[in-house]
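This is target38.pdb. It holds PDB, C-alpha atoms and all ligand atoms.
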```pdb
ATOM      1  CA  MET A  65      -7.345 -56.724 -64.983  1.00  0.00           C
ATOM      2  CA  THR A  66     -10.619 -55.637 -66.583  1.00  0.00           C
ATOM      3  CA  GLU A  67     -12.435 -58.422 -68.369  1.00  0.00           C
ATOM      4  CA  LYS A  68     -12.539 -57.993 -72.151  1.00  0.00           C
ATOM      5  CA  ILE A  69     -15.813 -57.629 -74.000  1.00  0.00           C
ATOM      6  CA  ASN A  70     -16.849 -57.402 -77.653  1.00  0.00           C
ATOM      7  CA  ILE A  71     -18.165 -54.095 -78.947  1.00  0.00           C
ATOM      8  CA  ALA A  72     -20.497 -53.974 -81.956  1.00  0.00           C
ATOM      9  CA  ILE A  73     -20.912 -50.674 -83.792  1.00  0.00           C
ATOM     10  CA  ASP A  74     -23.574 -50.597 -86.500  1.00  0.00           C
ATOM     11  CA  GLY A  75     -25.150 -47.801 -88.455  1.00  0.00           C
ATOM     12  CA  HIS A  76     -25.645 -46.078 -91.787  1.00  0.00           C
ATOM     13  CA  SER A  77     -22.817 -45.537 -94.231  1.00  0.00           C
ATOM     14  CA  SER A  78     -20.497 -42.580 -93.655  1.00  0.00           C
ATOM     15  CA  CYS A  79     -21.810 -41.777 -90.192  1.00  0.00           C
ATOM     16  CA  GLY A  80     -18.369 -41.976 -88.617  1.00  0.00           C
ATOM     17  CA  LYS A  81     -18.649 -45.519 -87.269  1.00  0.00           C
ATOM     18  CA  SER A  82     -15.043 -46.262 -88.110  1.00  0.00           C
ATOM     19  CA  THR A  83     -13.766 -43.089 -86.408  1.00  0.00           C
ATOM     20  CA  ILE A  84     -15.655 -44.038 -83.258  1.00  0.00           C
ATOM     21  CA  ALA A  85     -14.569 -47.675 -83.433  1.00  0.00           C
ATOM     22  CA  LYS A  86     -10.905 -46.876 -84.124  1.00  0.00           C
ATOM     23  CA  GLY A  87     -10.711 -44.212 -81.411  1.00  0.00           C
ATOM     24  CA  LEU A  88     -12.348 -46.467 -78.850  1.00  0.00           C
ATOM     25  CA  ALA A  89     -10.218 -49.505 -79.761  1.00  0.00           C
ATOM     26  CA  GLN A  90      -7.033 -47.469 -79.505  1.00  0.00           C
ATOM     27  CA  LYS A  91      -7.996 -45.966 -76.141  1.00  0.00           C
ATOM     28  CA  ILE A  92      -8.923 -49.274 -74.507  1.00  0.00           C
ATOM     29  CA  GLY A  93      -6.318 -51.447 -76.269  1.00  0.00           C
ATOM     30  CA  TYR A  94      -8.751 -53.535 -78.317  1.00  0.00           C
ATOM     31  CA  THR A  95      -8.479 -54.733 -81.926  1.00  0.00           C
ATOM     32  CA  TYR A  96     -10.477 -52.704 -84.423  1.00  0.00           C
ATOM     33  CA  ILE A  97     -12.082 -54.605 -87.301  1.00  0.00           C
ATOM     34  CA  ASP A  98     -13.709 -52.867 -90.246  1.00  0.00           C
ATOM     35  CA  SER A  99     -16.212 -55.456 -91.507  1.00  0.00           C
ATOM     36  CA  GLY A 100     -17.224 -53.197 -94.424  1.00  0.00           C
ATOM     37  CA  ALA A 101     -13.652 -53.455 -95.744  1.00  0.00           C
ATOM     38  CA  MET A 102     -14.207 -57.201 -96.124  1.00  0.00           C
ATOM     39  CA  TYR A 103     -17.292 -56.691 -98.326  1.00  0.00           C
ATOM     40  CA  ARG A 104     -15.366 -54.045-100.240  1.00  0.00           C
ATOM     41  CA  ALA A 105     -12.514 -56.515-100.808  1.00  0.00           C
ATOM     42  CA  VAL A 106     -14.965 -59.075-102.240  1.00  0.00           C
ATOM     43  CA  ALA A 107     -16.394 -56.305-104.439  1.00  0.00           C
ATOM     44  CA  LEU A 108     -12.932 -55.305-105.648  1.00  0.00           C
ATOM     45  CA  TYR A 109     -12.228 -58.911-106.533  1.00  0.00           C
ATOM     46  CA  CYS A 110     -15.420 -58.928-108.645  1.00  0.00           C
ATOM     47  CA  ILE A 111     -14.463 -55.664-110.374  1.00  0.00           C
ATOM     48  CA  GLN A 112     -10.923 -56.814-111.113  1.00  0.00           C
ATOM     49  CA  ASN A 113     -12.018 -60.208-112.410  1.00  0.00           C
ATOM     50  CA  GLY A 114     -14.998 -59.191-114.506  1.00  0.00           C
ATOM     51  CA  LEU A 115     -17.523 -60.720-112.109  1.00  0.00           C
ATOM     52  CA  ILE A 116     -19.625 -57.574-112.006  1.00  0.00           C
ATOM     53  CA  LYS A 117     -20.976 -56.103-115.220  1.00  0.00           C
ATOM     54  CA  ASP A 118     -23.385 -53.167-115.482  1.00  0.00           C
ATOM     55  CA  GLY A 119     -23.956 -53.467-111.765  1.00  0.00           C
ATOM     56  CA  VAL A 120     -24.912 -57.151-111.949  1.00  0.00           C
ATOM     57  CA  VAL A 121     -22.835 -59.686-110.009  1.00  0.00           C
ATOM     58  CA  ASP A 122     -22.040 -63.044-111.614  1.00  0.00           C
ATOM     59  CA  GLU A 123     -23.219 -65.006-108.594  1.00  0.00           C
ATOM     60  CA  SER A 124     -22.314 -68.483-109.751  1.00  0.00           C
ATOM     61  CA  ALA A 125     -18.750 -67.455-110.648  1.00  0.00           C
ATOM     62  CA  LEU A 126     -18.326 -65.668-107.303  1.00  0.00           C
ATOM     63  CA  LYS A 127     -19.711 -68.686-105.453  1.00  0.00           C
ATOM     64  CA  THR A 128     -16.960 -70.889-106.829  1.00  0.00           C
ATOM     65  CA  LYS A 129     -14.276 -68.365-105.805  1.00  0.00           C
ATOM     66  CA  ILE A 130     -15.430 -66.954-102.486  1.00  0.00           C
ATOM     67  CA  GLN A 131     -13.919 -69.643-100.250  1.00  0.00           C
ATOM     68  CA  SER A 132     -10.509 -69.205-101.832  1.00  0.00           C
ATOM     69  CA  LEU A 133     -10.381 -65.435-101.315  1.00  0.00           C
ATOM     70  CA  GLN A 134      -7.887 -64.474 -98.655  1.00  0.00           C
ATOM     71  CA  ILE A 135      -9.045 -61.362 -96.828  1.00  0.00           C
ATOM     72  CA  GLU A 136      -6.846 -60.151 -93.989  1.00  0.00           C
ATOM     73  CA  PHE A 137      -5.955 -57.091 -91.967  1.00  0.00           C
ATOM     74  CA  ARG A 138      -2.286 -56.361 -91.418  1.00  0.00           C
ATOM     75  CA  PRO A 139      -0.813 -53.600 -89.241  1.00  0.00           C
ATOM     76  CA  ASN A 140       0.417 -50.542 -91.119  1.00  0.00           C
ATOM     77  CA  THR A 141       3.026 -47.973 -90.166  1.00  0.00           C
ATOM     78  CA  THR A 142       0.509 -45.454 -88.820  1.00  0.00           C
ATOM     79  CA  GLY A 143      -0.752 -47.682 -86.011  1.00  0.00           C
ATOM     80  CA  GLY A 144      -3.807 -48.892 -87.940  1.00  0.00           C
ATOM     81  CA  ALA A 145      -4.410 -51.854 -90.210  1.00  0.00           C
ATOM     82  CA  ASP A 146      -4.629 -52.223 -93.980  1.00  0.00           C
ATOM     83  CA  THR A 147      -6.892 -54.605 -95.872  1.00  0.00           C
ATOM     84  CA  TYR A 148      -5.197 -57.311 -97.949  1.00  0.00           C
ATOM     85  CA  LEU A 149      -6.852 -59.301-100.693  1.00  0.00           C
ATOM     86  CA  ASN A 150      -4.947 -62.406-101.762  1.00  0.00           C
ATOM     87  CA  ASP A 151      -1.718 -61.024-100.272  1.00  0.00           C
ATOM     88  CA  LYS A 152      -2.017 -57.613-101.918  1.00  0.00           C
ATOM     89  CA  ASN A 153      -2.597 -54.350-100.055  1.00  0.00           C
ATOM     90  CA  VAL A 154      -5.934 -53.023-101.409  1.00  0.00           C
ATOM     91  CA  GLU A 155      -6.635 -50.465 -98.687  1.00  0.00           C
ATOM     92  CA  SER A 156      -6.818 -47.512-101.020  1.00  0.00           C
ATOM     93  CA  GLU A 157      -8.541 -49.272-103.958  1.00  0.00           C
ATOM     94  CA  ILE A 158     -11.429 -50.526-101.811  1.00  0.00           C
ATOM     95  CA  ARG A 159     -12.286 -46.928-100.777  1.00  0.00           C
ATOM     96  CA  SER A 160     -13.369 -45.795-104.274  1.00  0.00           C
ATOM     97  CA  LEU A 161     -17.043 -45.012-104.988  1.00  0.00           C
ATOM     98  CA  GLU A 162     -17.047 -47.844-107.530  1.00  0.00           C
ATOM     99  CA  ALA A 163     -15.939 -50.347-104.880  1.00  0.00           C
ATOM    100  CA  ALA A 164     -18.489 -48.893-102.423  1.00  0.00           C
ATOM    101  CA  SER A 165     -21.339 -49.399-104.872  1.00  0.00           C
ATOM    102  CA  ALA A 166     -20.197 -52.912-105.768  1.00  0.00           C
ATOM    103  CA  ALA A 167     -19.786 -53.744-102.046  1.00  0.00           C
ATOM    104  CA  SER A 168     -23.338 -52.681-101.438  1.00  0.00           C
ATOM    105  CA  LYS A 169     -24.366 -55.210-104.120  1.00  0.00           C
ATOM    106  CA  VAL A 170     -22.219 -58.201-103.147  1.00  0.00           C
ATOM    107  CA  SER A 171     -23.243 -57.709 -99.514  1.00  0.00           C
ATOM    108  CA  THR A 172     -26.851 -58.557-100.467  1.00  0.00           C
ATOM    109  CA  LEU A 173     -25.804 -62.128-101.377  1.00  0.00           C
ATOM    110  CA  LYS A 174     -26.432 -64.771 -98.740  1.00  0.00           C
ATOM    111  CA  PHE A 175     -23.345 -66.900 -99.457  1.00  0.00           C
ATOM    112  CA  VAL A 176     -21.110 -63.822 -99.336  1.00  0.00           C
ATOM    113  CA  ARG A 177     -22.569 -62.783 -95.974  1.00  0.00           C
ATOM    114  CA  GLN A 178     -22.256 -66.288 -94.530  1.00  0.00           C
ATOM    115  CA  THR A 179     -18.589 -66.436 -95.499  1.00  0.00           C
ATOM    116  CA  MET A 180     -17.819 -62.980 -94.073  1.00  0.00           C
ATOM    117  CA  VAL A 181     -19.801 -63.551 -90.870  1.00  0.00           C
ATOM    118  CA  TYR A 182     -17.897 -66.764 -90.197  1.00  0.00           C
ATOM    119  CA  LEU A 183     -14.540 -64.981 -90.623  1.00  0.00           C
ATOM    120  CA  GLN A 184     -15.703 -62.109 -88.405  1.00  0.00           C
ATOM    121  CA  GLN A 185     -16.866 -64.446 -85.653  1.00  0.00           C
ATOM    122  CA  GLN A 186     -13.464 -66.156 -85.689  1.00  0.00           C
ATOM    123  CA  MET A 187     -11.786 -62.771 -85.290  1.00  0.00           C
ATOM    124  CA  GLY A 188     -13.899 -62.021 -82.201  1.00  0.00           C
ATOM    125  CA  LYS A 189     -13.878 -65.372 -80.482  1.00  0.00           C
ATOM    126  CA  ASN A 190     -11.331 -64.324 -77.839  1.00  0.00           C
ATOM    127  CA  LYS A 191     -13.125 -60.991 -77.179  1.00  0.00           C
ATOM    128  CA  GLY A 192     -11.362 -57.630 -77.080  1.00  0.00           C
ATOM    129  CA  VAL A 193     -12.683 -56.624 -80.494  1.00  0.00           C
ATOM    130  CA  VAL A 194     -14.405 -53.443 -81.658  1.00  0.00           C
ATOM    131  CA  MET A 195     -16.099 -54.258 -84.961  1.00  0.00           C
ATOM    132  CA  ASP A 196     -18.135 -51.888 -87.072  1.00  0.00           C
ATOM    133  CA  GLY A 197     -20.620 -52.701 -89.829  1.00  0.00           C
ATOM    134  CA  ARG A 198     -24.331 -53.195 -90.412  1.00  0.00           C
ATOM    135  CA  ASP A 199     -25.138 -56.533 -88.770  1.00  0.00           C
ATOM    136  CA  ILE A 200     -22.534 -56.817 -86.036  1.00  0.00           C
ATOM    137  CA  GLY A 201     -24.908 -56.433 -83.079  1.00  0.00           C
ATOM    138  CA  THR A 202     -27.706 -58.409 -84.741  1.00  0.00           C
ATOM    139  CA  VAL A 203     -25.916 -61.295 -86.517  1.00  0.00           C
ATOM    140  CA  VAL A 204     -22.135 -61.419 -86.029  1.00  0.00           C
ATOM    141  CA  PHE A 205     -21.998 -60.830 -82.252  1.00  0.00           C
ATOM    142  CA  PRO A 206     -25.589 -60.998 -80.976  1.00  0.00           C
ATOM    143  CA  ASP A 207     -24.121 -61.423 -77.479  1.00  0.00           C
ATOM    144  CA  ALA A 208     -21.813 -58.395 -77.667  1.00  0.00           C
ATOM    145  CA  GLU A 209     -21.710 -56.700 -74.275  1.00  0.00           C
ATOM    146  CA  LEU A 210     -21.888 -53.246 -75.865  1.00  0.00           C
ATOM    147  CA  LYS A 211     -23.823 -52.396 -79.019  1.00  0.00           C
ATOM    148  CA  LEU A 212     -23.931 -48.940 -80.534  1.00  0.00           C
ATOM    149  CA  PHE A 213     -26.204 -47.872 -83.366  1.00  0.00           C
ATOM    150  CA  VAL A 214     -24.785 -44.766 -85.002  1.00  0.00           C
ATOM    151  CA  THR A 215     -26.622 -42.433 -87.318  1.00  0.00           C
ATOM    152  CA  ALA A 216     -26.576 -38.875 -88.709  1.00  0.00           C
ATOM    153  CA  LYS A 217     -28.539 -36.912 -91.317  1.00  0.00           C
ATOM    154  CA  PRO A 218     -27.732 -37.990 -94.951  1.00  0.00           C
ATOM    155  CA  GLU A 219     -26.496 -34.482 -95.892  1.00  0.00           C
ATOM    156  CA  VAL A 220     -24.135 -34.412 -92.923  1.00  0.00           C
ATOM    157  CA  ARG A 221     -22.796 -37.847 -93.831  1.00  0.00           C
ATOM    158  CA  ALA A 222     -22.383 -36.959 -97.510  1.00  0.00           C
ATOM    159  CA  ASP A 223     -20.503 -33.800 -96.575  1.00  0.00           C
ATOM    160  CA  ARG A 224     -18.105 -35.740 -94.357  1.00  0.00           C
ATOM    161  CA  ARG A 225     -17.522 -38.416 -96.997  1.00  0.00           C
ATOM    162  CA  TYR A 226     -17.029 -35.813 -99.718  1.00  0.00           C
ATOM    163  CA  LYS A 227     -14.324 -34.040 -97.700  1.00  0.00           C
ATOM    164  CA  GLU A 228     -12.658 -37.366 -96.892  1.00  0.00           C
ATOM    165  CA  LEU A 229     -12.511 -38.370-100.576  1.00  0.00           C
ATOM    166  CA  ILE A 230     -11.293 -34.935-101.693  1.00  0.00           C
ATOM    167  CA  ASN A 231      -8.571 -35.065 -99.034  1.00  0.00           C
ATOM    168  CA  LYS A 232      -7.488 -38.385-100.456  1.00  0.00           C
ATOM    169  CA  GLY A 233      -7.103 -36.689-103.827  1.00  0.00           C
ATOM    170  CA  LEU A 234     -10.151 -38.300-105.475  1.00  0.00           C
ATOM    171  CA  ASP A 235     -12.085 -36.303-108.043  1.00  0.00           C
ATOM    172  CA  VAL A 236     -15.726 -36.412-106.857  1.00  0.00           C
ATOM    173  CA  GLU A 237     -18.826 -34.185-106.825  1.00  0.00           C
ATOM    174  CA  TYR A 238     -20.803 -33.584-103.631  1.00  0.00           C
ATOM    175  CA  ASN A 239     -24.109 -34.468-105.325  1.00  0.00           C
ATOM    176  CA  ASP A 240     -22.734 -37.830-106.483  1.00  0.00           C
ATOM    177  CA  VAL A 241     -21.565 -38.597-102.967  1.00  0.00           C
ATOM    178  CA  LEU A 242     -24.985 -37.663-101.532  1.00  0.00           C
ATOM    179  CA  ALA A 243     -26.742 -39.840-104.119  1.00  0.00           C
ATOM    180  CA  ASN A 244     -24.375 -42.702-103.268  1.00  0.00           C
ATOM    181  CA  VAL A 245     -25.103 -42.331 -99.527  1.00  0.00           C
ATOM    182  CA  ILE A 246     -28.885 -42.343-100.113  1.00  0.00           C
ATOM    183  CA  GLU A 247     -28.715 -45.252-102.535  1.00  0.00           C
ATOM    184  CA  ARG A 248     -26.647 -47.329-100.123  1.00  0.00           C
ATOM    185  CA  ASP A 249     -28.951 -46.513 -97.152  1.00  0.00           C
ATOM    186  CA  GLU A 250     -31.853 -47.728 -99.209  1.00  0.00           C
ATOM    187  CA  ARG A 251     -30.148 -50.957-100.261  1.00  0.00           C
ATOM    188  CA  ASP A 252     -28.582 -51.675 -96.843  1.00  0.00           C
ATOM    189  CA  SER A 253     -31.928 -51.211 -95.061  1.00  0.00           C
ATOM    190  CA  ASN A 254     -34.153 -53.038 -97.528  1.00  0.00           C
ATOM    191  CA  ARG A 255     -32.143 -56.071 -98.592  1.00  0.00           C
ATOM    192  CA  ALA A 256     -33.565 -59.476 -97.712  1.00  0.00           C
ATOM    193  CA  GLU A 257     -30.331 -60.762 -96.145  1.00  0.00           C
ATOM    194  CA  SER A 258     -29.429 -59.203 -92.768  1.00  0.00           C
ATOM    195  CA  PRO A 259     -30.789 -55.726 -93.482  1.00  0.00           C
ATOM    196  CA  LEU A 260     -29.447 -52.882 -91.387  1.00  0.00           C
ATOM    197  CA  ARG A 261     -31.507 -52.988 -88.195  1.00  0.00           C
ATOM    198  CA  GLN A 262     -30.994 -51.556 -84.790  1.00  0.00           C
ATOM    199  CA  ALA A 263     -30.383 -54.366 -82.282  1.00  0.00           C
ATOM    200  CA  LYS A 264     -32.977 -54.219 -79.491  1.00  0.00           C
ATOM    201  CA  ASP A 265     -30.308 -53.890 -76.822  1.00  0.00           C
ATOM    202  CA  SER A 266     -28.246 -51.240 -78.630  1.00  0.00           C
ATOM    203  CA  VAL A 267     -27.647 -47.639 -77.619  1.00  0.00           C
ATOM    204  CA  VAL A 268     -28.374 -45.022 -80.311  1.00  0.00           C
ATOM    205  CA  LEU A 269     -25.861 -42.306 -81.099  1.00  0.00           C
ATOM    206  CA  ASP A 270     -27.007 -39.556 -83.509  1.00  0.00           C
ATOM    207  CA  ASN A 271     -23.845 -37.575 -84.108  1.00  0.00           C
ATOM    208  CA  SER A 272     -25.220 -34.984 -86.578  1.00  0.00           C
ATOM    209  CA  ASP A 273     -24.525 -32.175 -84.125  1.00  0.00           C
ATOM    210  CA  LEU A 274     -21.700 -33.616 -82.052  1.00  0.00           C
ATOM    211  CA  THR A 275     -18.043 -32.654 -82.263  1.00  0.00           C
ATOM    212  CA  PRO A 276     -15.562 -35.553 -82.471  1.00  0.00           C
ATOM    213  CA  GLU A 277     -14.577 -34.862 -78.848  1.00  0.00           C
ATOM    214  CA  GLN A 278     -18.183 -34.941 -77.582  1.00  0.00           C
ATOM    215  CA  GLN A 279     -18.745 -38.160 -79.477  1.00  0.00           C
ATOM    216  CA  PHE A 280     -15.619 -39.732 -78.010  1.00  0.00           C
ATOM    217  CA  GLU A 281     -16.656 -38.798 -74.468  1.00  0.00           C
ATOM    218  CA  TRP A 282     -20.132 -40.218 -75.075  1.00  0.00           C
ATOM    219  CA  THR A 283     -18.616 -43.480 -76.309  1.00  0.00           C
ATOM    220  CA  MET A 284     -16.274 -43.808 -73.336  1.00  0.00           C
ATOM    221  CA  VAL A 285     -19.232 -43.383 -70.955  1.00  0.00           C
ATOM    222  CA  ALA A 286     -21.145 -46.117 -72.820  1.00  0.00           C
ATOM    223  CA  TYR A 287     -18.072 -48.387 -72.680  1.00  0.00           C
ATOM    224  CA  GLN A 288     -17.609 -47.809 -68.945  1.00  0.00           C
ATOM    225  CA  LYS A 289     -21.280 -48.599 -68.287  1.00  0.00           C
ATOM    226  CA  ALA A 290     -20.963 -51.865 -70.240  1.00  0.00           C
ATOM    227  CA  ILE A 291     -17.820 -52.838 -68.305  1.00  0.00           C
ATOM    228  CA  ASP A 292     -19.508 -51.996 -64.966  1.00  0.00           C
ATOM    229  CA  LYS A 293     -22.445 -54.180 -65.935  1.00  0.00           C
ATOM    230  CA  VAL A 294     -20.208 -57.141 -66.829  1.00  0.00           C
ATOM    231  CA  THR A 295     -18.241 -56.714 -63.591  1.00  0.00           C
ATOM    232  CA  GLN A 296     -21.406 -56.542 -61.469  1.00  0.00           C
ATOM    233  CA  THR A 297     -22.854 -59.622 -63.186  1.00  0.00           C
ATOM    234  CA  ASP A 298     -19.616 -61.530 -62.489  1.00  0.00           C
ATOM    235  CA  GLN A 299     -19.824 -60.622 -58.795  1.00  0.00           C
ATOM    236  CA  LEU A 300     -23.373 -61.940 -58.361  1.00  0.00           C
TER     237      LEU A 300
HETATM  238  O1  LIG B 401     -19.148 -49.574 -94.078  1.00  0.00           O
HETATM  239  P1  LIG B 401     -18.792 -49.559 -95.553  1.00  0.00           P
HETATM  240  O2  LIG B 401     -19.368 -48.398 -96.293  1.00  0.00           O
HETATM  241  O3  LIG B 401     -17.329 -49.706 -95.776  1.00  0.00           O
HETATM  242  O4  LIG B 401     -19.487 -50.885 -96.135  1.00  0.00           O
HETATM  243  C1  LIG B 401     -19.425 -51.221 -97.493  1.00  0.00           C
HETATM  244  C2  LIG B 401     -20.701 -51.953 -97.890  1.00  0.00           C
HETATM  245  O5  LIG B 401     -20.750 -53.232 -97.254  1.00  0.00           O
HETATM  246  C3  LIG B 401     -21.999 -51.218 -97.511  1.00  0.00           C
HETATM  247  O6  LIG B 401     -22.842 -51.081 -98.626  1.00  0.00           O
HETATM  248  C4  LIG B 401     -22.683 -52.102 -96.526  1.00  0.00           C
HETATM  249  C5  LIG B 401     -21.986 -53.419 -96.592  1.00  0.00           C
HETATM  250  N1  LIG B 401     -21.758 -53.983 -95.262  1.00  0.00           N
HETATM  251  C6  LIG B 401     -22.614 -54.954 -94.826  1.00  0.00           C
HETATM  252  O7  LIG B 401     -23.565 -55.304 -95.523  1.00  0.00           O
HETATM  253  N2  LIG B 401     -22.408 -55.541 -93.628  1.00  0.00           N
HETATM  254  C7  LIG B 401     -21.384 -55.163 -92.851  1.00  0.00           C
HETATM  255  N3  LIG B 401     -21.196 -55.757 -91.682  1.00  0.00           N
HETATM  256  C8  LIG B 401     -20.506 -54.142 -93.283  1.00  0.00           C
HETATM  257  C9  LIG B 401     -20.722 -53.554 -94.496  1.00  0.00           C
END
```

The structure in this file should be written as structure tokens.
Amino acid sequence: MTEKINIAIDGHSSCGKSTIAKGLAQKIGYTYIDSGAMYRAVALYCIQNGLIKDGVVDESALKTKIQSLQIEFRPNTTGGADTYLNDKNVESEIRSLEAASAASKVSTLKFVRQTMVYLQQQMGKNKGVVMDGRDIGTVVFPDAELKLFVTAKPEVRADRRYKELINKGLDVEYNDVLANVIERDERDSNRAESPLRQAKDSVVLDNSDLTPEQQFEWTMVAYQKAIDKVTQTDQL
């Protein structure tokens, strides 16, 4: 049997990380974990409990609550997993633009990151995980055997996100989605705590001009190379 590895997929928002991660996990029988959903769940908690006002997070109130938040992924009927916050399915609520903006804010807080990183490391301790996010290859799994850094032009990403939100029945404007993408890039890359950085040993995938099929093939080649490397190392 092939040895299991951990796969870290980082990159800008809306660049298709989750599509890559889900497709790969399904093909190779690994567990997919959407780390962004965890920050979104914390953000939703803040929104629902008045801990974020005019874009400012009540840090001390969140600090007293963060350890008691129960964030889990449970299988859904379509073969994927839904995000649960304190036993409630919040999968659709955490995908709103409001939750995205709030997530981008709570994810700048050190104590929030420490709590999420600990949970994520527990989820990956037995390997066989494909996790996507911003700091997976640099902080969560610095020893991941395969690290991908995914990117695409902001306009391409905004267009994809816009179509996704419209398909979900949300009432959004393309220009607002583009502004949201640019604003989040800026915050994700410039925050003091674990800013989005390309891990030194990661492989870059710019998918601006790739079809989903080309991207999938590319990813499978990268996976196979990582497995070959692990197997060769084991035989030395
Ligand atoms: O990937 P996403 O758009 O669902 O992520 C939501 C927010 O959470 C985004 O602003 C970046 C942040 N995030 C993070 O800081 N670290 C991660 N590992 C994943 C997401």

For region 229-237 of chain A, find every residue with an atom within 10 Å (counting only C-alpha atoms), except residues of its own chain fewer than 2 positions away, and show them as a ChimeraX atom specification.
/A:156,159-161,224-227,239-242

If we count only C-alpha atoms, what is near Gln288 (chain A) at a cut-off of 12 Å, once residues fewer than 3 positions away on the same chain are taken out, given as a PyMOL selection string?
chain A and resi 66-69+71+88+92+209-210+281-285+291-295

Evaluate the PyMOL selection byres (((not hetatm)) within 8 of (chain B and resi 401)) on the structure here and hand back the selected residues as a PyMOL selection string.
chain A and resi 74+76-78+81-82+98-104+159+164-172+177+181+196-200+248-249+251-252+258-260

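As for CA of Ala286 (chain A) and CA of Thr95 (chain A), they are spaced 17.8 Å apart.
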
Region 169-235 of chain A residues near region 119-137 of chain A within 10 Å, closest pair each, using all atoms listed in the file, as JSON lines:
```
{"residue": "A:Lys169", "atom": "CA", "partner": "A:Val121", "partner_atom": "CA", "distance": 7.6}
{"residue": "A:Val170", "atom": "CA", "partner": "A:Val121", "partner_atom": "CA", "distance": 7.0}
{"residue": "A:Leu173", "atom": "CA", "partner": "A:Glu123", "partner_atom": "CA", "distance": 8.2}
{"residue": "A:Phe175", "atom": "CA", "partner": "A:Lys127", "partner_atom": "CA", "distance": 7.2}
{"residue": "A:Val176", "atom": "CA", "partner": "A:Ile130", "partner_atom": "CA", "distance": 7.2}
{"residue": "A:Thr179", "atom": "CA", "partner": "A:Gln131", "partner_atom": "CA", "distance": 7.4}
{"residue": "A:Met180", "atom": "CA", "partner": "A:Ile135", "partner_atom": "CA", "distance": 9.3}
{"residue": "A:Leu183", "atom": "CA", "partner": "A:Ile135", "partner_atom": "CA", "distance": 9.0}
```

Which one is closest to Leu212 (chain A): A:Asn70, A:Gln186, A:Asn113, A:Thr147? Count all atoms listed in the file.
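Looking only at the distances to Leu212 (chain A), the closest residue turns out to be A:Asn70.
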
When you draw a straight line from CA of Val193 (chain A) to CA of Ile97 (chain A), how long is it in Å?
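CA of Val193 (chain A) sits 7.1 Å away from CA of Ile97 (chain A).
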
So which residues get picked by the PyMOL selection byres (((chain A and resi 276) around 12) and not hetatm) here, written as a compact mmCIF listing (two decimals) with C-alpha atoms, keeping the file's coordinate frame?
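Writing the result to result_4.txt gives the following:
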```txt
# COMPACT_ATOMS: atom_id res chain seq x y z
CA CYS A 79 -21.81 -41.78 -90.19
CA GLY A 80 -18.37 -41.98 -88.62
CA LYS A 81 -18.65 -45.52 -87.27
CA THR A 83 -13.77 -43.09 -86.41
CA ILE A 84 -15.66 -44.04 -83.26
CA GLY A 87 -10.71 -44.21 -81.41
CA LEU A 88 -12.35 -46.47 -78.85
CA ASN A 271 -23.84 -37.58 -84.11
CA SER A 272 -25.22 -34.98 -86.58
CA ASP A 273 -24.52 -32.17 -84.12
CA LEU A 274 -21.70 -33.62 -82.05
CA THR A 275 -18.04 -32.65 -82.26
CA GLU A 277 -14.58 -34.86 -78.85
CA GLN A 278 -18.18 -34.94 -77.58
CA GLN A 279 -18.74 -38.16 -79.48
CA PHE A 280 -15.62 -39.73 -78.01
CA GLU A 281 -16.66 -38.80 -74.47
CA TRP A 282 -20.13 -40.22 -75.08
CA THR A 283 -18.62 -43.48 -76.31
```

Rank A:Ala107, A:Val204, A:Gly75, A:Glu228 by their smallest atom-to-atom distance to Glu162 (chain A), using all atoms listed in the file, and report the top residue only.
A:Ala107
